[in-house]
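K.L.:
So here's entry23.cif (mmCIF, C-alpha atoms and all ligand atoms).
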```
data_coords
#
loop_
_atom_site.label_atom_id
_atom_site.label_comp_id
_atom_site.auth_asym_id
_atom_site.auth_seq_id
_atom_site.Cartn_x
_atom_site.Cartn_y
_atom_site.Cartn_z
CA MET G 1 63.05 -16.12 -55.14
CA ALA G 2 60.00 -14.51 -53.52
CA LYS G 3 59.34 -15.46 -49.91
CA ALA G 4 56.08 -17.22 -49.27
CA LYS G 5 53.75 -15.12 -47.04
CA ALA G 6 53.04 -16.75 -43.72
CA VAL G 7 49.35 -17.49 -43.22
CA ALA G 8 48.10 -17.27 -39.62
CA ALA G 9 46.57 -20.46 -38.39
CA PRO G 10 42.91 -20.08 -37.29
CA LYS G 11 42.55 -19.76 -33.49
CA GLU G 12 40.71 -22.47 -31.72
CA GLY G 13 37.89 -21.61 -29.22
CA ILE G 14 36.77 -18.03 -28.52
CA SER G 15 38.71 -14.91 -27.82
CA ARG G 16 38.70 -13.11 -24.48
CA ARG G 17 36.62 -10.31 -25.98
CA GLU G 18 34.03 -12.73 -27.32
CA PHE G 19 33.90 -14.44 -23.97
CA LEU G 20 33.18 -11.12 -22.22
CA TYR G 21 30.45 -10.35 -24.76
CA TYR G 22 28.79 -13.68 -24.02
CA ILE G 23 28.96 -13.07 -20.25
CA TRP G 24 27.53 -9.58 -20.67
CA GLY G 25 24.71 -10.87 -22.90
CA ALA G 26 23.84 -13.68 -20.49
CA SER G 27 23.78 -11.25 -17.54
CA LEU G 28 21.51 -8.88 -19.43
CA ALA G 29 19.13 -11.71 -20.35
CA LEU G 30 19.04 -12.90 -16.73
CA PHE G 31 18.37 -9.39 -15.42
CA THR G 32 15.56 -8.88 -17.96
CA ALA G 33 13.97 -12.21 -17.01
CA GLU G 34 14.12 -11.34 -13.29
CA LEU G 35 12.65 -7.89 -13.92
CA THR G 36 9.82 -9.36 -16.00
CA GLY G 37 9.11 -11.90 -13.28
CA LEU G 38 9.00 -9.20 -10.62
CA ILE G 39 6.61 -7.05 -12.69
CA ILE G 40 4.26 -10.03 -13.19
CA TRP G 41 4.47 -10.91 -9.50
CA PHE G 42 3.51 -7.39 -8.45
CA ALA G 43 0.70 -7.27 -11.03
CA ILE G 44 -0.99 -10.44 -9.73
CA PRO G 45 -3.63 -9.66 -7.08
CA ARG G 46 -2.40 -10.66 -3.62
CA PHE G 47 -5.80 -11.91 -2.49
CA ARG G 48 -8.65 -13.73 -4.12
CA GLU G 49 -12.35 -13.19 -3.58
CA GLY G 50 -13.31 -14.42 -0.12
CA GLU G 51 -9.76 -14.39 1.29
CA PHE G 52 -8.65 -11.93 3.94
CA GLY G 53 -7.41 -8.92 2.03
CA GLY G 54 -10.05 -9.48 -0.65
CA ASN G 55 -13.79 -8.87 -0.98
CA PHE G 56 -16.32 -10.66 1.21
CA THR G 57 -19.95 -10.69 0.17
CA VAL G 58 -22.59 -11.10 2.86
CA SER G 59 -26.34 -11.45 2.33
CA ILE G 60 -28.40 -8.58 3.67
CA ASP G 61 -30.25 -11.25 5.68
CA ASN G 62 -27.11 -11.63 7.83
CA LEU G 63 -27.15 -8.01 8.88
CA PRO G 64 -27.79 -7.57 12.62
CA GLY G 65 -30.83 -5.57 13.69
CA ILE G 66 -30.43 -1.91 14.63
CA ASN G 67 -28.36 -1.59 17.82
CA GLU G 68 -28.36 -5.36 18.26
CA PRO G 69 -25.23 -7.46 18.95
CA PRO G 70 -22.73 -7.51 16.08
CA VAL G 71 -22.45 -10.35 13.58
CA ALA G 72 -18.97 -11.83 13.18
CA ASN G 73 -17.31 -12.87 9.94
CA ALA G 74 -14.41 -15.11 10.97
CA GLU G 75 -12.74 -15.46 7.54
CA GLY G 76 -12.93 -11.75 6.83
CA ARG G 77 -11.95 -10.81 10.39
CA PHE G 78 -14.67 -8.22 10.74
CA TRP G 79 -17.89 -7.52 12.60
CA LEU G 80 -20.96 -6.10 10.93
CA VAL G 81 -22.71 -3.53 13.09
CA ASN G 82 -26.00 -1.74 12.46
CA LEU G 83 -26.14 1.57 14.31
CA ASP G 84 -28.65 4.27 15.14
CA THR G 85 -28.04 6.64 18.04
CA THR G 86 -31.51 8.14 17.56
CA GLN G 87 -32.85 4.86 18.95
CA PRO G 88 -30.44 4.45 21.88
CA ASN G 89 -30.23 1.35 24.02
CA GLY G 90 -27.57 -0.23 26.23
CA LEU G 91 -25.44 -1.21 23.21
CA MET G 92 -25.43 1.99 21.16
CA TYR G 93 -26.09 5.46 22.55
CA PRO G 94 -24.88 8.96 21.74
CA ALA G 95 -21.83 10.27 23.62
CA PRO G 96 -22.07 13.88 24.87
CA ASP G 97 -19.61 15.17 22.25
CA GLU G 98 -21.49 13.61 19.30
CA THR G 99 -23.62 16.35 17.82
CA GLU G 100 -24.69 14.37 14.75
CA PRO G 101 -26.54 11.07 14.97
CA ILE G 102 -24.67 7.92 14.00
CA ILE G 103 -26.84 5.92 11.63
CA GLY G 104 -25.97 3.07 9.31
CA VAL G 105 -23.90 -0.06 8.88
CA ALA G 106 -20.14 -0.52 9.29
CA ALA G 107 -17.59 -3.33 8.99
CA VAL G 108 -15.33 -3.25 12.05
CA TYR G 109 -11.88 -4.91 12.05
CA LYS G 110 -11.59 -7.64 14.67
CA VAL G 111 -8.16 -6.59 15.91
CA CYS G 112 -7.66 -4.38 18.97
CA THR G 113 -6.03 -1.03 18.23
CA HIS G 114 -3.77 -1.35 21.27
CA LEU G 115 -1.39 -4.24 20.58
CA GLY G 116 -3.33 -6.31 18.10
CA CYS G 117 -5.16 -8.89 20.23
CA ILE G 118 -8.44 -10.35 19.02
CA TYR G 119 -11.21 -8.88 21.14
CA SER G 120 -14.76 -10.20 21.41
CA TRP G 121 -18.29 -9.04 22.01
CA ASN G 122 -19.52 -9.40 25.58
CA ASP G 123 -23.30 -9.87 25.75
CA ALA G 124 -23.34 -9.32 29.52
CA THR G 125 -21.65 -5.90 29.42
CA THR G 126 -22.96 -5.04 25.92
CA ARG G 127 -19.61 -3.91 24.53
CA PHE G 128 -16.49 -5.21 22.85
CA GLU G 129 -13.79 -6.21 25.33
CA CYS G 130 -10.16 -7.06 24.76
CA PRO G 131 -8.80 -9.87 26.95
CA CYS G 132 -5.18 -8.69 26.75
CA HIS G 133 -5.13 -5.34 28.54
CA GLY G 134 -8.78 -4.54 29.12
CA SER G 135 -9.69 -2.05 26.37
CA LYS G 136 -13.43 -1.69 25.89
CA TYR G 137 -15.34 -0.37 22.93
CA ARG G 138 -18.92 0.66 22.18
CA LEU G 139 -20.87 -1.25 19.49
CA ASP G 140 -19.58 1.07 16.75
CA GLY G 141 -15.96 0.61 17.90
CA ARG G 142 -15.48 3.90 19.78
CA ARG G 143 -13.33 3.47 22.89
CA VAL G 144 -15.10 3.26 26.21
CA GLU G 145 -11.90 2.50 28.16
CA SER G 146 -8.21 2.48 27.19
CA PRO G 147 -5.33 1.54 26.83
CA ALA G 148 -6.46 1.33 23.18
CA PRO G 149 -5.21 4.49 21.45
CA ARG G 150 -8.10 4.90 19.01
CA THR G 151 -11.48 3.73 17.79
CA LEU G 152 -11.55 0.30 16.15
CA ASP G 153 -10.51 0.30 12.49
CA ARG G 154 -13.03 -0.26 9.70
CA PHE G 155 -13.14 -1.73 6.22
CA GLU G 156 -14.68 -0.26 3.10
CA LEU G 157 -18.30 -1.40 2.78
CA SER G 158 -20.54 -1.44 -0.30
CA ALA G 159 -24.27 -2.10 -0.69
CA LEU G 160 -25.08 -4.13 -3.82
CA ASP G 161 -28.34 -4.78 -5.67
CA ALA G 162 -29.39 -8.13 -7.17
CA ASP G 163 -27.28 -7.48 -10.30
CA GLY G 164 -24.19 -6.63 -8.29
CA ASN G 165 -24.46 -2.89 -8.92
CA VAL G 166 -23.06 -0.71 -6.15
CA LEU G 167 -25.87 1.34 -4.60
CA ALA G 168 -23.74 2.90 -1.84
CA VAL G 169 -20.14 2.70 -0.72
CA SER G 170 -18.34 4.06 2.32
CA GLU G 171 -16.41 7.24 1.63
CA PRO G 172 -13.69 8.46 4.01
CA ASP G 173 -14.81 11.36 6.22
CA ALA G 174 -12.84 14.37 7.50
CA ASP G 175 -10.88 12.06 9.84
CA ASP G 176 -10.04 9.76 6.91
CA PHE G 177 -12.26 7.12 8.50
CA TYR G 178 -15.14 5.11 7.06
CA PRO G 179 -18.40 6.30 8.64
CA ALA G 180 -21.39 3.97 8.81
CA ILE G 181 -23.38 3.93 5.57
CA ILE G 182 -27.16 3.97 5.24
CA ILE G 183 -28.31 0.91 3.33
CA PRO G 184 -30.45 1.94 0.32
CA ASP G 185 -33.68 0.20 -0.69
CA GLY G 186 -32.97 -2.59 -3.18
CA THR G 187 -29.82 -3.77 -1.40
CA VAL G 188 -29.55 -7.56 -1.40
CA SER G 189 -25.95 -7.99 -0.26
CA LEU G 190 -23.07 -6.18 1.36
CA GLN G 191 -19.49 -6.35 0.17
CA VAL G 192 -16.64 -5.78 2.59
CA ASN G 193 -13.29 -4.96 1.04
CA THR G 194 -10.72 -6.12 3.59
CA GLY G 195 -7.97 -4.72 1.39
CA GLN G 196 -9.21 -1.21 2.20
CA LYS G 197 -8.92 -0.39 5.89
CA LYS G 198 -9.05 2.96 7.66
CA ASN G 199 -7.65 3.53 11.14
CA GLY G 200 -10.12 4.69 13.76
CA PRO G 201 -9.80 8.29 15.01
CA GLN G 202 -8.54 9.24 18.48
CA GLU G 203 -11.84 10.18 20.05
CA THR G 204 -12.27 11.00 23.73
CA LEU G 205 -12.78 7.95 25.92
CA ILE G 206 -16.49 7.56 26.61
CA CYS G 207 -15.73 6.73 30.26
CA THR G 208 -14.43 10.29 30.79
CA PHE G 209 -17.95 11.68 30.39
CA THR G 210 -19.16 9.67 33.37
CA ASP G 211 -15.96 10.00 35.44
CA ASN G 212 -15.70 6.26 35.29
CA CYS G 213 -12.31 5.62 33.71
S1 LIG G 301 -4.20 -5.53 22.83
FE1 LIG G 301 -6.23 -5.04 23.37
S2 LIG G 301 -6.01 -3.91 25.18
FE2 LIG G 301 -4.00 -4.40 24.63
#
```
Would you mind writing the file out in structure tokens?
Ligand code: FES

P.N.:
Amino acid sequence: MAKAKAVAAPKEGISRREFLYYIWGASLALFTAELTGLIIWFAIPRFREGEFGGNFTVSIDNLPGINEPPVANAEGRFWLVNLDTTQPNGLMYPAPDETEPIIGVAAVYKVCTHLGCIYSWNDATTRFECPCHGSKYRLDGRRVESPAPRTLDRFELSALDADGNVLAVSEPDADDFYPAIIIPDGTVSLQVNTGQKKNGPQETLICTFTDNC
């Protein structure tokens, strides 16, 4: 009499191999989700219009007069300065080593280049002065007295017409610094991009020319 073939009973649950597949699949899905999240996070702009790190638009009416005290923008942490060393006064004047005139408008970062204190404009002495360690700067941000290691930093500045078209924009110079820009006719507003900052150059202290350091 033929022996009946034993039939294996179906296993309950999942095998070890299937379990490992599931773990591997879940890990892969989690990793992909995290990676996608990171890519989206990096793609989102860090700053919105009008926040520090973003663009600040200022009416041309708020521009200071030529070689007059600077105008502060507290939210954007910058000063607007309007310079012309061909019309010198007690605020802005050519230093002996400046062969070219300095003419135009600049957006100067409000943080001292020494150790990061917030300096202010002093109407009595007609210069920027830092309360922490005494650095002093001319209206355009060039150092008059140390210990600051360099000229004040500047932000990228654009001149816009009534339709928002860019008529002029600051371009980095040979020192990789934003020089003052001449404001073209037809400009109705200025845009300061606080996400684009250039460090000031290490120019000679102005006080050395008068033996007054
Ligand atoms: S932080 Fe301004 S002089 Fe030191």

K.L.:
Please, which residues have at least one atom within 10 Å of an atom of ligand LIG 301 (chain G), using only C-alpha atoms and all ligand atoms, listed as a list in words?

P.N.:
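Here is the list of contacting residues: Val111, Cys112, Thr113, His114, Leu115, Gly116, Cys117, Ile118, Tyr119, Glu129, Cys130, Pro131, Cys132, His133, Gly134, Ser135, Lys136, Glu145, Ser146, Pro147, Ala148 and Pro149 of chain G.
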
K.L.:
Could you tell me how far CA of Leu63 in chain G lies from CA of Val108 in chain G, in Å and to one decimal?

P.N.:
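Separation between CA of Leu63 in chain G and CA of Val108 in chain G: 13.1 Å.
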
K.L.:
Hey, can you pull every residue with an atom no more than 8 Å from (-13.7, -11.7, -0.1), using all atoms listed in the file, and send it as a ChimeraX atom specification?

P.N.:
/G:48-57,76,191-194

K.L.:
Those same residues, written as a tab-separated table (two decimals), in the frame of the given file with C-alpha atoms?

P.N.:
```tsv
chain	number	residue	atom	x	y	z
G	48	ARG	CA	-8.65	-13.73	-4.12
G	49	GLU	CA	-12.35	-13.19	-3.58
G	50	GLY	CA	-13.31	-14.42	-0.12
G	51	GLU	CA	-9.76	-14.39	1.29
G	52	PHE	CA	-8.65	-11.93	3.94
G	53	GLY	CA	-7.41	-8.92	2.03
G	54	GLY	CA	-10.05	-9.48	-0.65
G	55	ASN	CA	-13.79	-8.87	-0.98
G	56	PHE	CA	-16.32	-10.66	1.21
G	57	THR	CA	-19.95	-10.69	0.17
G	76	GLY	CA	-12.93	-11.75	6.83
G	191	GLN	CA	-19.49	-6.35	0.17
G	192	VAL	CA	-16.64	-5.78	2.59
G	193	ASN	CA	-13.29	-4.96	1.04
G	194	THR	CA	-10.72	-6.12	3.59
```

K.L.:
With all atoms listed in the file as the atoms that count, which of G:Ile206, G:Ile183, G:Ile14, G:Val71 lies nearest to Val166 in chain G?

P.N.:
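Under the stated criterion, the closest residue is G:Ile183.
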
K.L.:
Skip Asn82 in chain G itself and residues of its chain fewer than 3 positions away, then list as a ChimeraX atom specification all residues within 8 Å of it, counting all atoms listed in the file.

P.N.:
/G:63-68,70,103-106

K.L.:
Taking (-27.5, -8.1, 0.5) in the file's coordinates, which residues come within 12 Å, counting only C-alpha atoms, written as an MDAnalysis selection string?

P.N.:
chainID G and resid 56:63 157:168 183:192

K.L.:
Report the distance between CA of Tyr137 in chain G and CA of Glu171 in chain G in Å, rounded to one decimal place.

P.N.:
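These two atoms are separated by 22.6 Å.
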
K.L.:
Counting only C-alpha atoms, figure out which residue out of G:Tyr109, G:Trp121, G:Trp79, G:Tyr22 gets nearest to Thr151 in chain G.

P.N.:
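Between G:Tyr109, G:Trp121, G:Trp79, G:Tyr22, the residue approaching Thr151 in chain G most closely is G:Tyr109.
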
K.L.:
Would you pick out the contacts of Pro88 in chain G at 12 Å or less, using all atoms listed in the file, so that residues sharing its chain but fewer than 2 positions from it are not included, and give the list as a VMD selection string?

P.N.:
chain G and resid 66 to 68 83 to 86 90 to 95 101 to 103 139

K.L.:
With C-alpha atoms retained, export the selected residues as an mmCIF file, in the coordinates of the input.

P.N.:
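Result went into out-v4.cif, see below:
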```cif
data_model
loop_
_atom_site.group_PDB
_atom_site.id
_atom_site.type_symbol
_atom_site.label_atom_id
_atom_site.label_comp_id
_atom_site.auth_asym_id
_atom_site.auth_seq_id
_atom_site.Cartn_x
_atom_site.Cartn_y
_atom_site.Cartn_z
ATOM 1 C CA ILE G 66 -30.430 -1.910 14.630
ATOM 2 C CA ASN G 67 -28.360 -1.590 17.820
ATOM 3 C CA GLU G 68 -28.360 -5.360 18.260
ATOM 4 C CA LEU G 83 -26.140 1.570 14.310
ATOM 5 C CA ASP G 84 -28.650 4.270 15.140
ATOM 6 C CA THR G 85 -28.040 6.640 18.040
ATOM 7 C CA THR G 86 -31.510 8.140 17.560
ATOM 8 C CA GLY G 90 -27.570 -0.230 26.230
ATOM 9 C CA LEU G 91 -25.440 -1.210 23.210
ATOM 10 C CA MET G 92 -25.430 1.990 21.160
ATOM 11 C CA TYR G 93 -26.090 5.460 22.550
ATOM 12 C CA PRO G 94 -24.880 8.960 21.740
ATOM 13 C CA ALA G 95 -21.830 10.270 23.620
ATOM 14 C CA PRO G 101 -26.540 11.070 14.970
ATOM 15 C CA ILE G 102 -24.670 7.920 14.000
ATOM 16 C CA ILE G 103 -26.840 5.920 11.630
ATOM 17 C CA LEU G 139 -20.870 -1.250 19.490
#
```

K.L.:
I'd like the neighbourhood of Ala174 in chain G as a PyMOL selection string, where a residue qualifies if any of its atoms comes within 12 Å (using all atoms listed in the file), though same-chain residues fewer than 5 positions away should be ignored.

P.N.:
chain G and resi 179+200-201

K.L.:
What lies within 6 Å of Ala107 in chain G using all atoms listed in the file, ignoring chain neighbours under 4 positions off, as a PDB file with C-alpha atoms, keeping the file's coordinate frame?

P.N.:
```pdb
ATOM      1  CA  PHE G  78     -14.670  -8.220  10.740  1.00  0.00           C
ATOM      2  CA  TRP G  79     -17.890  -7.520  12.600  1.00  0.00           C
ATOM      3  CA  LEU G  80     -20.960  -6.100  10.930  1.00  0.00           C
ATOM      4  CA  ARG G 154     -13.030  -0.260   9.700  1.00  0.00           C
ATOM      5  CA  PHE G 155     -13.140  -1.730   6.220  1.00  0.00           C
TER       6      PHE G 155
END
```

K.L.:
Would you mind reading off the distance between CA of Arg77 in chain G and CA of Lys197 in chain G, one decimal, in Å?

P.N.:
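That distance, rounded to one decimal, is 11.7 Å.
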
K.L.:
Just checking: using all atoms listed in the file, which residue out of G:Glu156, G:Glu98, G:Asp176, G:Asp211 ends up closest to Gly195 in chain G?

P.N.:
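Selected residue with least distance to Gly195 in chain G: G:Glu156.
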